[in-house]
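Enquirer: My questions all concern the structure below.
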Amino acid sequence: MFSQELISKFENTPTPFYYYDTELLNKTLQTLKKAVDKYGYFVHYAVKANANPEILKIISSYGFGADCVSGNEVSMAIKCGFPASKVVFAGVGKSDAEIITALKNEIFCFNCESIQEIEVINQLASNMGKTANIALRLNPGIDAHTNKCINTGLEDSKFGINFNLMEDVVKQVVKMSNIKLIGLHFHIGSQILDPEPYRLLCIRSNEMQQKLESMGLSLPEINLGGGLGVDYYNPDQNPIPDFESLIDLINKNLIQKSEQRVHFEFGRAVVAQCGTMIARVLYTKKASKTTFAIVDAGFNDLVRPALYGSYHKIENLSTKSQDVENYDIVGPICESTDVFAQGYQLPQTKRGDLIAFRSAGAYGEIMASRYNLRDFAKSYFFNQEK
Ligand code: LLP
């Protein structure tokens, strides 16, 4: 829901662009903070969801840490105010250069996904005279019941270490002189709306901890990853995800030793709803059964619909017409998958109308490309309170 005043600012801004509502972002962060502070849990914002420096600065100002998946994300997070002591670094394919960047910055923890990776970190840390804190990213074999493209915790997923191999890996890791094993890490998927996979994750984590105890090990850090979903269908009714219910559920089901710290890595839930992509209708045209609205944004600007078949609520901000029509809303890219929605009901739409693609704050701007040599869309905050 946008005010007329805001829409007139949109009218005067070259399209396509990303608009971020920092007031909503701040409210979301306050809600998240309240939910985790209740139990003394820690949040590392998943930078991959949106690495816009303005957004990162706002998030870091709440004292949260950062979850990074590349050397560049590590550097950017630190530059935007996240203390290195609160940075975690995950990823199945960390390059030597990226590991060195993270070691130089003395980040809090590497979330490690294979034994070979840990051997390389050990070697590089030894070369630099450092000790690296690591957590084992275990693949818990849990179906998060989400889009198959972002369901990461299944047994044969490329992510993490199969939980059946944990004991073996632990035995090797504790012998490495420049590695300090401090925790377990999990991440079961993204856009998860069903609480059950999280309950199962707690049970799996409890089992793994028990196994470790039987080996005489107790690890101080448990990281349950991110994944909490947002309401893409009703962004105005549900602008802030229900962090509290999820965190309460975790607290109820996770066995937490008194000296243990619990971590989360929310990305989407923090930033999705505060971002909107604004485009303009270039042309409309009719085919035999279809009416097209061709907008000036393409999948290079917002790839989620083309890549995952994802839904974004779409609104025409320029008309209050009661006459509606079904449109295929498509972009200008020379590929037939450059489609945002098919048969989508909008008021009668014409050239020049402003079109809003809602809930685009997560995995929107950051996944943009310059395909067809198109320019990157700019981002605007319109001088709101930051
Ligand atoms: N931690 C790890 C290890 C992850 O791999 C991810 C996301 C997160 C945390 C944050 O998950 P979130 O809280 O945002 O669900 N581009 C896709 C989503 C990919 C998610 C990748 N990993 C999309 O647009 O839906």
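Just remember, in the structure tokens the first chain shown is A, the second B, etc., residues are 1-based per chain, and ligands are 1-based in the order shown.
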Restrict the calculation to only C-alpha atoms and all ligand atoms, then for each residue of chain A with any atom at most 8 Å from an atom of ligand 1 give the closest atom pair and their distance in Å to one decimal, rows by chain and rising residue number, as CSV.
Expert:
residue,atom,partner,partner_atom_place_in_ligand_line,distance
A:Tyr45,CA,ligand 1,10 (C),7.9
A:Ala46,CA,ligand 1,10 (C),5.1
A:Lys48,CA,ligand 1,7 (C),7.1
A:Ala49,CA,ligand 1,14 (O),5.7
A:Asp67,CA,ligand 1,1 (N),6.7
A:Val69,CA,ligand 1,3 (C),7.7
A:Ala90,CA,ligand 1,3 (C),5.9
A:Gly91,CA,ligand 1,3 (C),6.9
A:Cys149,CA,ligand 1,17 (C),7.7
A:Ile150,CA,ligand 1,19 (C),5.6
A:Thr152,CA,ligand 1,5 (O),7.6
A:Phe186,CA,ligand 1,3 (C),7.2
A:His187,CA,ligand 1,3 (C),5.3
A:Gly189,CA,ligand 1,15 (O),6.3
A:Ser190,CA,ligand 1,15 (O),3.5
A:Gln191,CA,ligand 1,15 (O),5.3
A:Ile192,CA,ligand 1,15 (O),7.3
A:Gly225,CA,ligand 1,1 (N),4.7
A:Gly226,CA,ligand 1,13 (O),3.7
A:Gly227,CA,ligand 1,15 (O),3.2
A:Leu228,CA,ligand 1,13 (O),5.4
A:Gly229,CA,ligand 1,15 (O),6.5
A:Phe264,CA,ligand 1,9 (C),7.8
A:Glu265,CA,ligand 1,9 (C),4.7
A:Phe266,CA,ligand 1,13 (O),3.7
A:Gly267,CA,ligand 1,14 (O),3.5
A:Arg268,CA,ligand 1,14 (O),3.7
A:Ala269,CA,ligand 1,13 (O),5.9
A:Val270,CA,ligand 1,13 (O),7.8
A:Val303,CA,ligand 1,24 (O),8.0
A:Arg304,CA,ligand 1,24 (O),5.4
A:Tyr308,CA,ligand 1,25 (O),7.3
A:Ser310,CA,ligand 1,25 (O),7.6
A:Ala362,CA,ligand 1,24 (O),6.8
A:Tyr363,CA,ligand 1,24 (O),4.6
A:Gly364,CA,ligand 1,24 (O),7.2
A:Met367,CA,ligand 1,16 (N),7.6
Enquirer: List the neighbours of Lys378 of chain A out to 9 Å using only C-alpha atoms; skip same-chain residues closer than 3 positions along the sequence, and give me the result as a VMD selection string.
Expert: chain A and resid 14 to 19 365 375
Enquirer: For the selection you just gave me, I'd like the residues written to a file as a CSV table (one decimal), in the first residue's frame, keeping N, CA and C atoms.
Expert:
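Output below, filename part04.csv:
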chain,number,residue,atom,x,y,z
A,14,PRO,N,13.3,7.4,-12.8
A,14,PRO,CA,13.5,6.5,-13.9
A,14,PRO,C,13.3,5.1,-13.5
A,15,THR,N,12.5,4.3,-14.3
A,15,THR,CA,12.3,2.9,-14.0
A,15,THR,C,13.2,2.0,-14.8
A,16,PRO,N,13.3,0.7,-14.5
A,16,PRO,CA,12.9,0.1,-13.2
A,16,PRO,C,13.8,0.5,-12.1
A,17,PHE,N,13.3,0.4,-10.9
A,17,PHE,CA,14.1,0.6,-9.7
A,17,PHE,C,13.6,-0.1,-8.5
A,18,TYR,N,14.4,-0.3,-7.5
A,18,TYR,CA,14.0,-0.9,-6.2
A,18,TYR,C,13.7,0.2,-5.2
A,19,TYR,N,12.6,0.1,-4.5
A,19,TYR,CA,12.3,1.0,-3.5
A,19,TYR,C,12.3,0.2,-2.2
A,365,GLU,N,17.2,-7.5,-5.9
A,365,GLU,CA,18.3,-6.6,-6.4
A,365,GLU,C,19.6,-7.4,-6.5
A,375,ASP,N,21.1,-2.1,-18.0
A,375,ASP,CA,21.7,-1.5,-16.8
A,375,ASP,C,21.1,-2.1,-15.6
Enquirer: Point out the residue among A:Ile240, A:Arg261, A:Gly298, A:Thr290 with the least atom-to-atom distance to Asp328 of chain A, counting only C-alpha atoms.
Expert: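 The shortest atom-to-atom distance to Asp328 of chain A comes from A:Thr290.
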Enquirer: Between A:Val173, A:Ile366, A:Leu219, A:Leu184, which residue has the minimum interatomic distance to Glu73 of chain A, considering only C-alpha atoms?
Expert: A:Ile366
Enquirer: Can you tell me, as a PDB file with C-alpha atoms, in the first residue's frame, which residues in segment 161-268 of chain A count as helix (DSSP H, G or I) by DSSP?
Expert:
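Done, and the output landed in states.pdb:
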ATOM      1  CA  PHE A 163      24.662 -36.605   9.387  1.00  0.00           C
ATOM      2  CA  ASN A 164      25.642 -40.288   9.278  1.00  0.00           C
ATOM      3  CA  LEU A 165      29.250 -39.220   8.644  1.00  0.00           C
ATOM      4  CA  MET A 166      29.426 -36.806  11.577  1.00  0.00           C
ATOM      5  CA  GLU A 167      31.289 -39.081  13.986  1.00  0.00           C
ATOM      6  CA  ASP A 168      33.965 -39.898  11.420  1.00  0.00           C
ATOM      7  CA  VAL A 169      34.463 -36.264  10.515  1.00  0.00           C
ATOM      8  CA  VAL A 170      34.617 -35.186  14.157  1.00  0.00           C
ATOM      9  CA  LYS A 171      37.309 -37.785  14.877  1.00  0.00           C
ATOM     10  CA  GLN A 172      39.465 -36.339  12.083  1.00  0.00           C
ATOM     11  CA  VAL A 173      38.776 -32.699  12.906  1.00  0.00           C
ATOM     12  CA  GLU A 196       7.071 -28.971  11.551  1.00  0.00           C
ATOM     13  CA  PRO A 197      10.460 -29.150   9.724  1.00  0.00           C
ATOM     14  CA  TYR A 198      11.892 -26.849  12.407  1.00  0.00           C
ATOM     15  CA  ARG A 199      10.576 -29.122  15.154  1.00  0.00           C
ATOM     16  CA  LEU A 200      12.208 -32.088  13.392  1.00  0.00           C
ATOM     17  CA  LEU A 201      15.410 -30.087  13.057  1.00  0.00           C
ATOM     18  CA  CYS A 202      15.500 -29.556  16.832  1.00  0.00           C
ATOM     19  CA  ILE A 203      15.071 -33.288  17.357  1.00  0.00           C
ATOM     20  CA  ARG A 204      17.861 -34.047  14.882  1.00  0.00           C
ATOM     21  CA  SER A 205      20.118 -31.486  16.544  1.00  0.00           C
ATOM     22  CA  ASN A 206      19.388 -33.012  19.977  1.00  0.00           C
ATOM     23  CA  GLU A 207      20.318 -36.464  18.611  1.00  0.00           C
ATOM     24  CA  MET A 208      23.560 -35.148  17.134  1.00  0.00           C
ATOM     25  CA  GLN A 209      24.459 -33.477  20.410  1.00  0.00           C
ATOM     26  CA  GLN A 210      23.831 -36.674  22.292  1.00  0.00           C
ATOM     27  CA  LYS A 211      26.124 -38.525  19.906  1.00  0.00           C
ATOM     28  CA  LEU A 212      28.831 -35.921  20.461  1.00  0.00           C
ATOM     29  CA  GLU A 213      28.449 -36.222  24.195  1.00  0.00           C
ATOM     30  CA  SER A 214      28.945 -39.953  23.971  1.00  0.00           C
ATOM     31  CA  PHE A 243       9.517 -14.651  14.338  1.00  0.00           C
ATOM     32  CA  GLU A 244       8.162 -15.081  17.828  1.00  0.00           C
ATOM     33  CA  SER A 245       6.254 -18.329  17.173  1.00  0.00           C
ATOM     34  CA  LEU A 246       9.253 -19.901  15.467  1.00  0.00           C
ATOM     35  CA  ILE A 247      11.694 -18.865  18.179  1.00  0.00           C
ATOM     36  CA  ASP A 248       9.304 -20.086  20.898  1.00  0.00           C
ATOM     37  CA  LEU A 249       8.970 -23.415  19.072  1.00  0.00           C
ATOM     38  CA  ILE A 250      12.747 -23.760  18.927  1.00  0.00           C
ATOM     39  CA  ASN A 251      13.071 -22.929  22.586  1.00  0.00           C
ATOM     40  CA  LYS A 252      10.490 -25.568  23.444  1.00  0.00           C
ATOM     41  CA  ASN A 253      12.086 -28.342  21.364  1.00  0.00           C
ATOM     42  CA  ARG A 268      14.357 -13.405   3.480  1.00  0.00           C
TER      43      ARG A 268
END
Enquirer: One decimal, Å: what's the distance from atom CA of Ala341 of chain A over to atom CA of Pro305 of chain A, could you say?
Expert: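 Distance between the two atoms: 7.5 Å.
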Enquirer: Applying 12 Å and only C-alpha atoms, which residues near Leu29 of chain A remain after dropping the ones on its own chain fewer than 4 positions away? List them as a ChimeraX atom specification.
Expert: /A:22-25,33-37,43,45,55-56,58-64,239-243,266-267,269-271,273-274
Enquirer: With only C-alpha atoms as the counted atoms, please give the residues lying no more than 9 Å from Phe357 of chain A, apart from itself and same-chain residues fewer than 4 positions off, as a tab-separated table (two decimals) with N, CA, C and O atoms, in the first residue's frame.
Expert:
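The file below, around_19.tsv, is the result:
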chain	number	residue	atom	x	y	z
A	275	GLY	N	11.00	-4.42	0.41
A	275	GLY	CA	11.47	-4.05	-0.93
A	275	GLY	C	10.40	-4.23	-2.00
A	275	GLY	O	9.63	-5.19	-1.97
A	276	THR	N	10.34	-3.28	-2.92
A	276	THR	CA	9.40	-3.36	-4.04
A	276	THR	C	10.17	-3.01	-5.30
A	276	THR	O	10.97	-2.05	-5.29
A	277	MET	N	9.95	-3.76	-6.36
A	277	MET	CA	10.52	-3.33	-7.64
A	277	MET	C	9.45	-2.56	-8.39
A	277	MET	O	8.31	-3.04	-8.53
A	278	ILE	N	9.80	-1.39	-8.84
A	278	ILE	CA	8.85	-0.54	-9.57
A	278	ILE	C	9.28	-0.50	-11.04
A	278	ILE	O	10.44	-0.20	-11.34
A	279	ALA	N	8.32	-0.81	-11.91
A	279	ALA	CA	8.59	-0.76	-13.35
A	279	ALA	C	7.48	0.04	-14.02
A	279	ALA	O	6.50	0.44	-13.37
A	312	HIS	N	5.09	-13.08	-7.06
A	312	HIS	CA	5.18	-11.76	-6.43
A	312	HIS	C	3.86	-11.06	-6.69
A	312	HIS	O	3.36	-11.09	-7.84
A	313	LYS	N	3.29	-10.44	-5.67
A	313	LYS	CA	2.06	-9.68	-5.87
A	313	LYS	C	2.38	-8.49	-6.79
A	313	LYS	O	3.41	-7.83	-6.60
A	314	ILE	N	1.51	-8.26	-7.76
A	314	ILE	CA	1.77	-7.20	-8.75
A	314	ILE	C	0.62	-6.20	-8.69
A	314	ILE	O	-0.56	-6.59	-8.64
A	315	GLU	N	0.96	-4.91	-8.64
A	315	GLU	CA	-0.09	-3.88	-8.54
A	315	GLU	C	0.16	-2.79	-9.58
A	315	GLU	O	1.30	-2.42	-9.82
A	340	PHE	N	6.75	-12.45	-15.65
A	340	PHE	CA	6.56	-12.26	-14.20
A	340	PHE	C	5.30	-12.96	-13.72
A	340	PHE	O	5.22	-13.41	-12.59
